[in-house]
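Dropping upload_21.cif in here (mmCIF, C-alpha atoms):
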```cif
data_run
loop_
_atom_site.label_atom_id
_atom_site.label_comp_id
_atom_site.auth_asym_id
_atom_site.auth_seq_id
_atom_site.Cartn_x
_atom_site.Cartn_y
_atom_site.Cartn_z
CA MET A 1 73.86 176.77 149.98
CA LYS A 2 72.96 173.37 148.68
CA ASN A 3 76.47 172.05 149.28
CA THR A 4 76.40 173.43 152.82
CA ASN A 5 73.11 171.62 153.56
CA ASN A 6 74.54 168.38 152.21
CA LYS A 7 77.58 168.76 154.43
CA VAL A 8 75.37 169.37 157.46
CA ARG A 9 73.27 166.30 156.70
CA THR A 10 76.41 164.21 156.14
CA MET A 11 77.91 165.37 159.44
CA ALA A 12 74.64 164.66 161.31
CA THR A 13 74.51 161.16 159.84
CA PHE A 14 78.12 160.55 160.85
CA LEU A 15 77.50 161.74 164.41
CA MET A 16 74.37 159.60 164.75
CA GLY A 17 76.29 156.59 163.51
CA SER A 18 79.11 157.33 165.94
CA SER A 19 76.63 157.61 168.83
CA ALA A 20 75.05 154.29 167.87
CA LEU A 21 78.49 152.68 167.69
CA LEU A 22 79.33 154.12 171.12
CA LEU A 23 76.12 152.67 172.57
CA VAL A 24 76.92 149.25 171.11
CA VAL A 25 80.44 149.32 172.51
CA CYS A 26 79.21 150.42 175.96
CA GLY A 27 76.55 147.73 175.93
CA SER A 28 79.17 145.12 175.07
CA ALA A 29 81.41 146.30 177.90
CA GLN A 30 78.50 146.10 180.33
CA ALA A 31 77.77 142.52 179.24
CA GLN A 32 81.37 141.58 180.02
CA GLU A 33 80.62 142.21 183.70
CA GLY A 34 78.18 139.31 183.85
CA SER A 35 74.48 138.87 183.29
CA HIS A 36 71.87 139.34 185.98
CA GLN A 37 71.02 136.04 187.67
CA ALA A 38 68.05 135.27 189.88
CA PRO A 39 69.01 133.91 193.31
CA VAL A 40 68.90 130.15 193.77
CA ARG A 41 65.70 129.25 195.62
CA LEU A 42 66.58 127.42 198.83
CA ALA A 43 62.97 127.14 200.07
CA SER A 44 62.89 125.32 203.44
CA ALA A 45 66.62 124.48 203.22
CA GLY A 46 67.14 128.20 203.76
CA ASN A 47 65.97 127.74 207.35
CA PHE A 48 69.31 126.05 208.13
CA THR A 49 72.85 127.29 208.58
CA ILE A 50 74.12 123.71 208.36
CA LEU A 51 72.15 120.88 206.77
CA SER A 52 73.47 117.39 206.07
CA LYS A 53 72.06 114.07 204.90
CA THR A 54 74.56 111.77 206.62
CA GLY A 55 75.90 113.54 209.69
CA ILE A 56 77.73 116.47 211.24
CA THR A 57 80.93 115.92 213.20
CA ASP A 58 82.52 118.60 215.33
CA VAL A 59 85.71 119.35 217.21
CA TYR A 60 84.51 121.51 220.12
CA ALA A 61 83.81 124.37 220.13
CA SER A 62 82.17 125.56 216.92
CA PRO A 63 79.88 128.56 217.56
CA ILE A 64 77.02 128.32 215.06
CA VAL A 65 74.40 131.03 214.53
CA GLY A 66 71.24 129.53 213.02
CA ASN A 67 69.59 126.13 212.82
CA VAL A 68 71.40 122.84 212.33
CA GLY A 69 69.87 119.68 210.89
CA THR A 70 70.78 116.20 209.69
CA SER A 71 68.57 113.49 208.24
CA PRO A 72 68.57 110.59 208.63
CA ILE A 73 70.37 110.47 211.96
CA THR A 74 70.41 106.64 212.14
CA GLY A 75 73.95 105.42 211.58
CA ALA A 76 75.28 108.96 211.36
CA ALA A 77 77.05 111.29 213.74
CA LEU A 78 75.63 114.50 215.15
CA LEU A 79 78.21 115.77 217.57
CA VAL A 80 77.26 119.45 217.76
CA THR A 81 76.23 120.37 221.30
CA CYS A 82 73.47 122.72 222.44
CA GLY A 83 75.91 125.23 223.89
CA GLU A 84 77.48 125.77 220.46
CA VAL A 85 74.26 126.54 218.60
CA THR A 86 72.32 129.81 218.68
CA GLY A 87 69.25 128.25 217.14
CA LYS A 88 67.73 124.77 217.05
CA VAL A 89 69.17 121.34 216.28
CA TYR A 90 66.79 119.24 214.18
CA THR A 91 66.95 115.45 214.07
CA VAL A 92 64.59 112.66 212.98
CA ASP A 93 64.73 110.78 216.30
CA ALA A 94 65.82 111.20 219.90
CA ALA A 95 69.53 110.77 219.09
CA GLY A 96 70.16 114.50 218.92
CA PRO A 97 71.58 116.64 221.74
CA LEU A 98 69.23 117.57 224.54
CA PRO A 99 67.58 119.86 225.48
CA CYS A 100 67.96 121.81 222.21
CA ALA A 101 67.11 118.98 219.77
CA VAL A 102 63.84 119.13 217.86
CA ASN A 103 62.64 115.78 216.50
CA ASP A 104 60.85 116.58 213.27
CA ALA A 105 61.28 114.03 210.50
CA THR A 106 58.73 115.74 208.25
CA LEU A 107 60.46 119.10 208.37
CA LEU A 108 63.89 117.55 207.77
CA THR A 109 62.69 115.41 204.88
CA LEU A 110 61.26 118.53 203.22
CA ALA A 111 64.43 120.55 203.85
CA VAL A 112 66.73 117.84 202.49
CA GLY A 113 64.53 117.57 199.41
CA ASP A 114 64.65 121.35 198.91
CA MET A 115 68.43 121.23 199.31
CA GLY A 116 68.56 118.80 196.38
CA PHE A 117 66.26 121.00 194.28
CA ALA A 118 68.43 124.04 195.03
CA TYR A 119 71.55 122.14 193.94
CA ASP A 120 69.86 121.17 190.67
CA ASP A 121 68.71 124.77 190.14
CA ALA A 122 72.25 126.11 190.50
CA ALA A 123 73.76 123.32 188.39
CA GLY A 124 71.15 123.77 185.67
CA ARG A 125 71.72 127.47 184.97
CA LEU A 126 72.66 127.93 181.30
CA SER A 127 74.79 130.36 179.28
CA PRO A 128 77.61 131.12 181.73
CA ASP A 129 79.20 134.56 181.59
CA PHE A 130 82.63 133.15 182.44
CA THR A 131 83.87 129.65 181.55
CA GLU A 132 87.05 128.04 182.96
CA LEU A 133 88.15 131.40 184.40
CA GLY A 134 91.78 131.25 185.53
CA ALA A 135 91.92 127.57 184.54
CA GLY A 136 90.23 126.87 187.87
CA GLU A 137 92.37 129.19 190.02
CA ILE A 138 90.56 132.34 191.18
CA GLY A 139 92.91 133.46 193.95
CA GLY A 140 93.90 137.10 193.58
CA LEU A 141 90.96 137.96 191.32
CA THR A 142 88.08 140.40 191.76
CA LEU A 143 84.91 138.76 190.46
CA ALA A 144 81.89 140.59 189.06
CA PRO A 145 78.35 139.21 189.50
CA GLY A 146 77.26 136.54 187.06
CA LEU A 147 77.31 132.83 186.24
CA TYR A 148 80.69 131.07 186.37
CA LYS A 149 81.37 127.53 185.16
CA TRP A 150 84.32 125.16 185.52
CA GLY A 151 84.50 121.65 184.05
CA THR A 152 87.14 120.65 186.61
CA GLY A 153 87.94 121.70 190.17
CA LEU A 154 88.25 125.16 191.71
CA LEU A 155 91.15 126.52 193.76
CA ILE A 156 91.36 129.59 195.98
CA THR A 157 95.06 129.82 196.87
CA THR A 158 95.12 133.55 197.72
CA ASP A 159 92.46 136.07 198.71
CA VAL A 160 89.58 136.59 196.26
CA THR A 161 87.10 139.50 196.17
CA LEU A 162 83.48 139.46 195.00
CA SER A 163 82.51 143.01 194.08
CA GLY A 164 78.93 144.09 193.40
CA GLY A 165 75.79 145.56 194.91
CA PRO A 166 73.33 144.13 197.44
CA ASP A 167 70.99 142.85 194.70
CA ASP A 168 73.70 141.21 192.59
CA VAL A 169 73.99 137.42 192.37
CA TRP A 170 76.97 135.12 191.87
CA ILE A 171 76.55 131.45 190.92
CA PHE A 172 79.63 129.24 190.68
CA GLN A 173 79.22 125.86 188.95
CA VAL A 174 82.09 123.52 189.83
CA ALA A 175 82.23 120.04 188.27
CA GLY A 176 85.08 118.84 190.51
CA THR A 177 86.25 119.64 194.03
CA MET A 178 86.66 123.07 195.61
CA ASN A 179 89.61 123.85 197.86
CA GLN A 180 90.35 127.07 199.71
CA ALA A 181 93.89 127.39 201.03
CA SER A 182 94.66 128.02 204.68
CA ALA A 183 94.69 131.63 205.94
CA THR A 184 93.01 133.00 202.79
CA ARG A 185 89.83 135.05 202.58
CA VAL A 186 86.80 135.37 200.37
CA THR A 187 85.98 139.07 200.73
CA LEU A 188 82.85 140.98 199.68
CA ALA A 189 82.95 144.54 198.33
CA GLY A 190 80.49 147.18 197.12
CA GLY A 191 77.62 145.97 199.29
CA ALA A 192 77.60 142.35 198.03
CA LEU A 193 75.70 139.98 200.33
CA PRO A 194 76.56 136.35 201.16
CA LYS A 195 72.91 135.30 200.76
CA ASN A 196 73.27 136.01 197.02
CA ILE A 197 76.43 133.94 196.48
CA PHE A 198 75.99 130.27 195.57
CA TRP A 199 78.80 127.73 195.21
CA GLN A 200 77.45 124.57 193.54
CA VAL A 201 80.13 121.89 193.84
CA ALA A 202 79.91 118.31 192.58
CA GLY A 203 82.96 117.11 194.50
CA ALA A 204 84.17 117.58 198.06
CA VAL A 205 84.65 121.07 199.51
CA THR A 206 87.55 121.93 201.82
CA ILE A 207 87.95 125.28 203.61
CA GLY A 208 91.50 125.58 204.90
CA THR A 209 92.76 126.26 208.41
CA THR A 210 91.92 129.79 209.66
CA ALA A 211 90.48 130.73 206.24
CA HIS A 212 87.34 132.84 205.88
CA PHE A 213 84.56 131.97 203.44
CA GLU A 214 81.45 133.82 202.23
CA GLY A 215 78.31 132.45 200.61
CA VAL A 216 76.03 129.42 200.37
CA ILE A 217 77.72 126.11 199.59
CA LEU A 218 75.53 123.55 197.80
CA ALA A 219 77.68 120.43 197.85
CA LYS A 220 76.94 117.06 196.34
CA THR A 221 79.32 115.39 198.79
CA LEU A 222 81.42 116.38 201.84
CA ILE A 223 81.98 119.87 203.22
CA ALA A 224 85.08 119.90 205.46
CA VAL A 225 85.84 123.08 207.41
CA ASN A 226 89.34 122.89 208.86
CA THR A 227 90.60 124.17 212.21
CA GLY A 228 89.73 127.74 213.05
CA ALA A 229 88.15 128.61 209.70
CA SER A 230 85.05 130.81 209.65
CA VAL A 231 82.04 130.91 207.35
CA ASN A 232 79.50 133.65 206.75
CA GLY A 233 76.89 131.70 204.83
CA ARG A 234 75.34 128.22 204.75
CA LEU A 235 76.79 124.71 204.55
CA LEU A 236 74.29 122.49 202.72
CA ALA A 237 75.77 119.05 202.03
CA GLN A 238 74.21 115.98 200.47
CA THR A 239 76.59 113.82 202.51
CA ALA A 240 78.44 115.02 205.65
CA VAL A 241 79.73 118.25 207.20
CA THR A 242 82.84 118.20 209.40
CA LEU A 243 83.68 121.09 211.73
CA GLN A 244 86.83 121.85 213.72
CA MET A 245 86.36 124.83 216.03
CA ASN A 246 84.65 126.91 213.35
CA ALA A 247 82.44 129.99 213.59
CA VAL A 248 79.57 129.53 211.13
CA THR A 249 77.03 132.35 210.84
CA GLN A 250 73.87 132.35 208.76
CA PRO A 251 73.65 135.28 206.33
CA ALA A 252 71.06 137.98 206.81
CA ARG A 253 68.02 137.40 204.60
#
```
For the file at hand, write its structure as structure tokens.
Amino acid sequence: MKNTNNKVRTMATFLMGSSALLLVVCGSAQAQEGSHQAPVRLASAGNFTILSKTGITDVYASPIVGNVGTSPITGAALLVTCGEVTGKVYTVDAAGPLPCAVNDATLLTLAVGDMGFAYDDAAGRLSPDFTELGAGEIGGLTLAPGLYKWGTGLLITTDVTLSGGPDDVWIFQVAGTMNQASATRVTLAGGALPKNIFWQVAGAVTIGTTAHFEGVILAKTLIAVNTGASVNGRLLAQTAVTLQMNAVTQPAR
């Protein structure tokens, strides 16, 4: 009887250890999918679909849903017309298009400042879940939520999918340029929302001809959207934004 009890206790210990090992393994697998990130706080910059510090040029027509702003306007180009914008066009003087232009230097100064803070927030996130994924080429991949970091540029040469739920967050830290090839798509799956996707890019951003892009771009320099491309998100550039017959739609909050 004593030997039987010892065997029972030994078996119970083994099973408990196996269960603990299984929990550890499952926890490790879950961590591989990416840590939970808080959304980048856009503050007043989130009131804009397109915001630029040095100008917005446009090849007519580019239907834009949401507000557009550039500051300062002096010496810069703002070529978006009222008929293209479902929203307001904010400028710091009377150089903007009439009758839809709103001259509000205080609001624009605050928004441009918040755009810079948002860029720093995204760039300053630590402990990335994925580093140098695909050696900077993410075309063809399905990306889980989390923090991604590249020390060089980022390429999207074929379609890429971001798969996650409506509360999941993606933050992409790109030290170089970001280029999306023509006729490719950034696609969302599983209920993922563009308002929770942040592309922080130190170099210039180019979205190729007829491509489709999802998410909020926080660019240190130029955002160039080529002919016929579409964006479901925000274009927030610390220099200029160039449009060429592009549909740009603000994401639902």
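Straight-line separation from CA of Leu193 (chain A) to CA of Lys220 (chain A): 23.3 Å.
Considering all atoms listed in the file, the residue among A:Ala247, A:Leu108, A:Val160, A:Val186 positioned nearest to Gly66 (chain A) is A:Ala247.
Minimum distance to Gly151 (chain A) across A:Ala192, A:Ala118, A:Val201, A:Ala61 (counting only C-alpha atoms) occurs at A:Val201.
The two atoms in question, CA of Leu243 (chain A) and CA of Trp199 (chain A), are spaced 18.5 Å apart.
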Practice item. Enumerate, as a list of chain:residue names, the residues matched when the PyMOL selection byres ((chain A and resi 54-58) around 8) is run on the file above. Key: A:Ser52, A:Lys53, A:Val59, A:Tyr60, A:Ala61, A:Ser62, A:Thr70, A:Ser71, A:Pro72, A:Ile73, A:Ala76, A:Ala77, A:Leu78, A:Leu79, A:Val80, A:Gln238, A:Thr239, A:Ala240, A:Val241, A:Thr242, A:Leu243, A:Gln244, A:Met245
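Going from CA of Lys88 (chain A) over to CA of Thr49 (chain A), you cover 10.2 Å.
Taking all atoms listed in the file, the non-local environment of Gly176 (chain A) within 9 Å (same-chain residues fewer than 2 positions away omitted) comprises Trp150, Gly151, Thr152, Gly153, Leu154, Val174, Met178, Val201, Ala202, Gly203 and Ala204 of chain A.
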Serialized selection, C-alpha atoms, as a PDB file, keeping the file's coordinate frame:
```
ATOM      1  CA  TRP A 150      84.320 125.160 185.520  1.00  0.00           C
ATOM      2  CA  GLY A 151      84.500 121.650 184.050  1.00  0.00           C
ATOM      3  CA  THR A 152      87.140 120.650 186.610  1.00  0.00           C
ATOM      4  CA  GLY A 153      87.940 121.700 190.170  1.00  0.00           C
ATOM      5  CA  LEU A 154      88.250 125.160 191.710  1.00  0.00           C
ATOM      6  CA  VAL A 174      82.090 123.520 189.830  1.00  0.00           C
ATOM      7  CA  MET A 178      86.660 123.070 195.610  1.00  0.00           C
ATOM      8  CA  VAL A 201      80.130 121.890 193.840  1.00  0.00           C
ATOM      9  CA  ALA A 202      79.910 118.310 192.580  1.00  0.00           C
ATOM     10  CA  GLY A 203      82.960 117.110 194.500  1.00  0.00           C
ATOM     11  CA  ALA A 204      84.170 117.580 198.060  1.00  0.00           C
TER      12      ALA A 204
END
```
Point to revise | Ile207 (chain A) surroundings by all atoms listed in the file, 12 Å radius, close-in-sequence under 2 positions cut, as JSON, numbers by chain | key: {"A": [154, 155, 156, 157, 177, 178, 179, 180, 181, 182, 183, 184, 185, 186, 204, 205, 209, 210, 211, 212, 213, 214, 217, 222, 223, 224, 225, 226, 227, 228, 229, 230, 231, 235, 241, 242, 243, 244, 246]}
Selection file, C-alpha atoms, as an mmCIF file, in the frame of the given file:
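Result written to result-v7.cif:
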```
data_model
loop_
_atom_site.group_PDB
_atom_site.id
_atom_site.type_symbol
_atom_site.label_atom_id
_atom_site.label_comp_id
_atom_site.auth_asym_id
_atom_site.auth_seq_id
_atom_site.Cartn_x
_atom_site.Cartn_y
_atom_site.Cartn_z
ATOM 1 C CA LEU A 154 88.250 125.160 191.710
ATOM 2 C CA LEU A 155 91.150 126.520 193.760
ATOM 3 C CA ILE A 156 91.360 129.590 195.980
ATOM 4 C CA THR A 157 95.060 129.820 196.870
ATOM 5 C CA THR A 177 86.250 119.640 194.030
ATOM 6 C CA MET A 178 86.660 123.070 195.610
ATOM 7 C CA ASN A 179 89.610 123.850 197.860
ATOM 8 C CA GLN A 180 90.350 127.070 199.710
ATOM 9 C CA ALA A 181 93.890 127.390 201.030
ATOM 10 C CA SER A 182 94.660 128.020 204.680
ATOM 11 C CA ALA A 183 94.690 131.630 205.940
ATOM 12 C CA THR A 184 93.010 133.000 202.790
ATOM 13 C CA ARG A 185 89.830 135.050 202.580
ATOM 14 C CA VAL A 186 86.800 135.370 200.370
ATOM 15 C CA ALA A 204 84.170 117.580 198.060
ATOM 16 C CA VAL A 205 84.650 121.070 199.510
ATOM 17 C CA THR A 209 92.760 126.260 208.410
ATOM 18 C CA THR A 210 91.920 129.790 209.660
ATOM 19 C CA ALA A 211 90.480 130.730 206.240
ATOM 20 C CA HIS A 212 87.340 132.840 205.880
ATOM 21 C CA PHE A 213 84.560 131.970 203.440
ATOM 22 C CA GLU A 214 81.450 133.820 202.230
ATOM 23 C CA ILE A 217 77.720 126.110 199.590
ATOM 24 C CA LEU A 222 81.420 116.380 201.840
ATOM 25 C CA ILE A 223 81.980 119.870 203.220
ATOM 26 C CA ALA A 224 85.080 119.900 205.460
ATOM 27 C CA VAL A 225 85.840 123.080 207.410
ATOM 28 C CA ASN A 226 89.340 122.890 208.860
ATOM 29 C CA THR A 227 90.600 124.170 212.210
ATOM 30 C CA GLY A 228 89.730 127.740 213.050
ATOM 31 C CA ALA A 229 88.150 128.610 209.700
ATOM 32 C CA SER A 230 85.050 130.810 209.650
ATOM 33 C CA VAL A 231 82.040 130.910 207.350
ATOM 34 C CA LEU A 235 76.790 124.710 204.550
ATOM 35 C CA VAL A 241 79.730 118.250 207.200
ATOM 36 C CA THR A 242 82.840 118.200 209.400
ATOM 37 C CA LEU A 243 83.680 121.090 211.730
ATOM 38 C CA GLN A 244 86.830 121.850 213.720
ATOM 39 C CA ASN A 246 84.650 126.910 213.350
#
```
**Study point:** Ala123 (chain A) environment, 8 Å, only C-alpha atoms, sequence neighbours closer than 2 positions dropped, as JSON, numbers by chain
**Key:** {"A": [119, 120, 121, 125, 173, 200]}
Practice item. Tell me, as a PyMOL selection string, which residues lie within 10 Å of Gly87 (chain A), counting all atoms listed in the file; anything in the same chain fewer than 2 positions away does not count. Key: chain A and resi 48-49+64-68+82-85+89-90+100-101
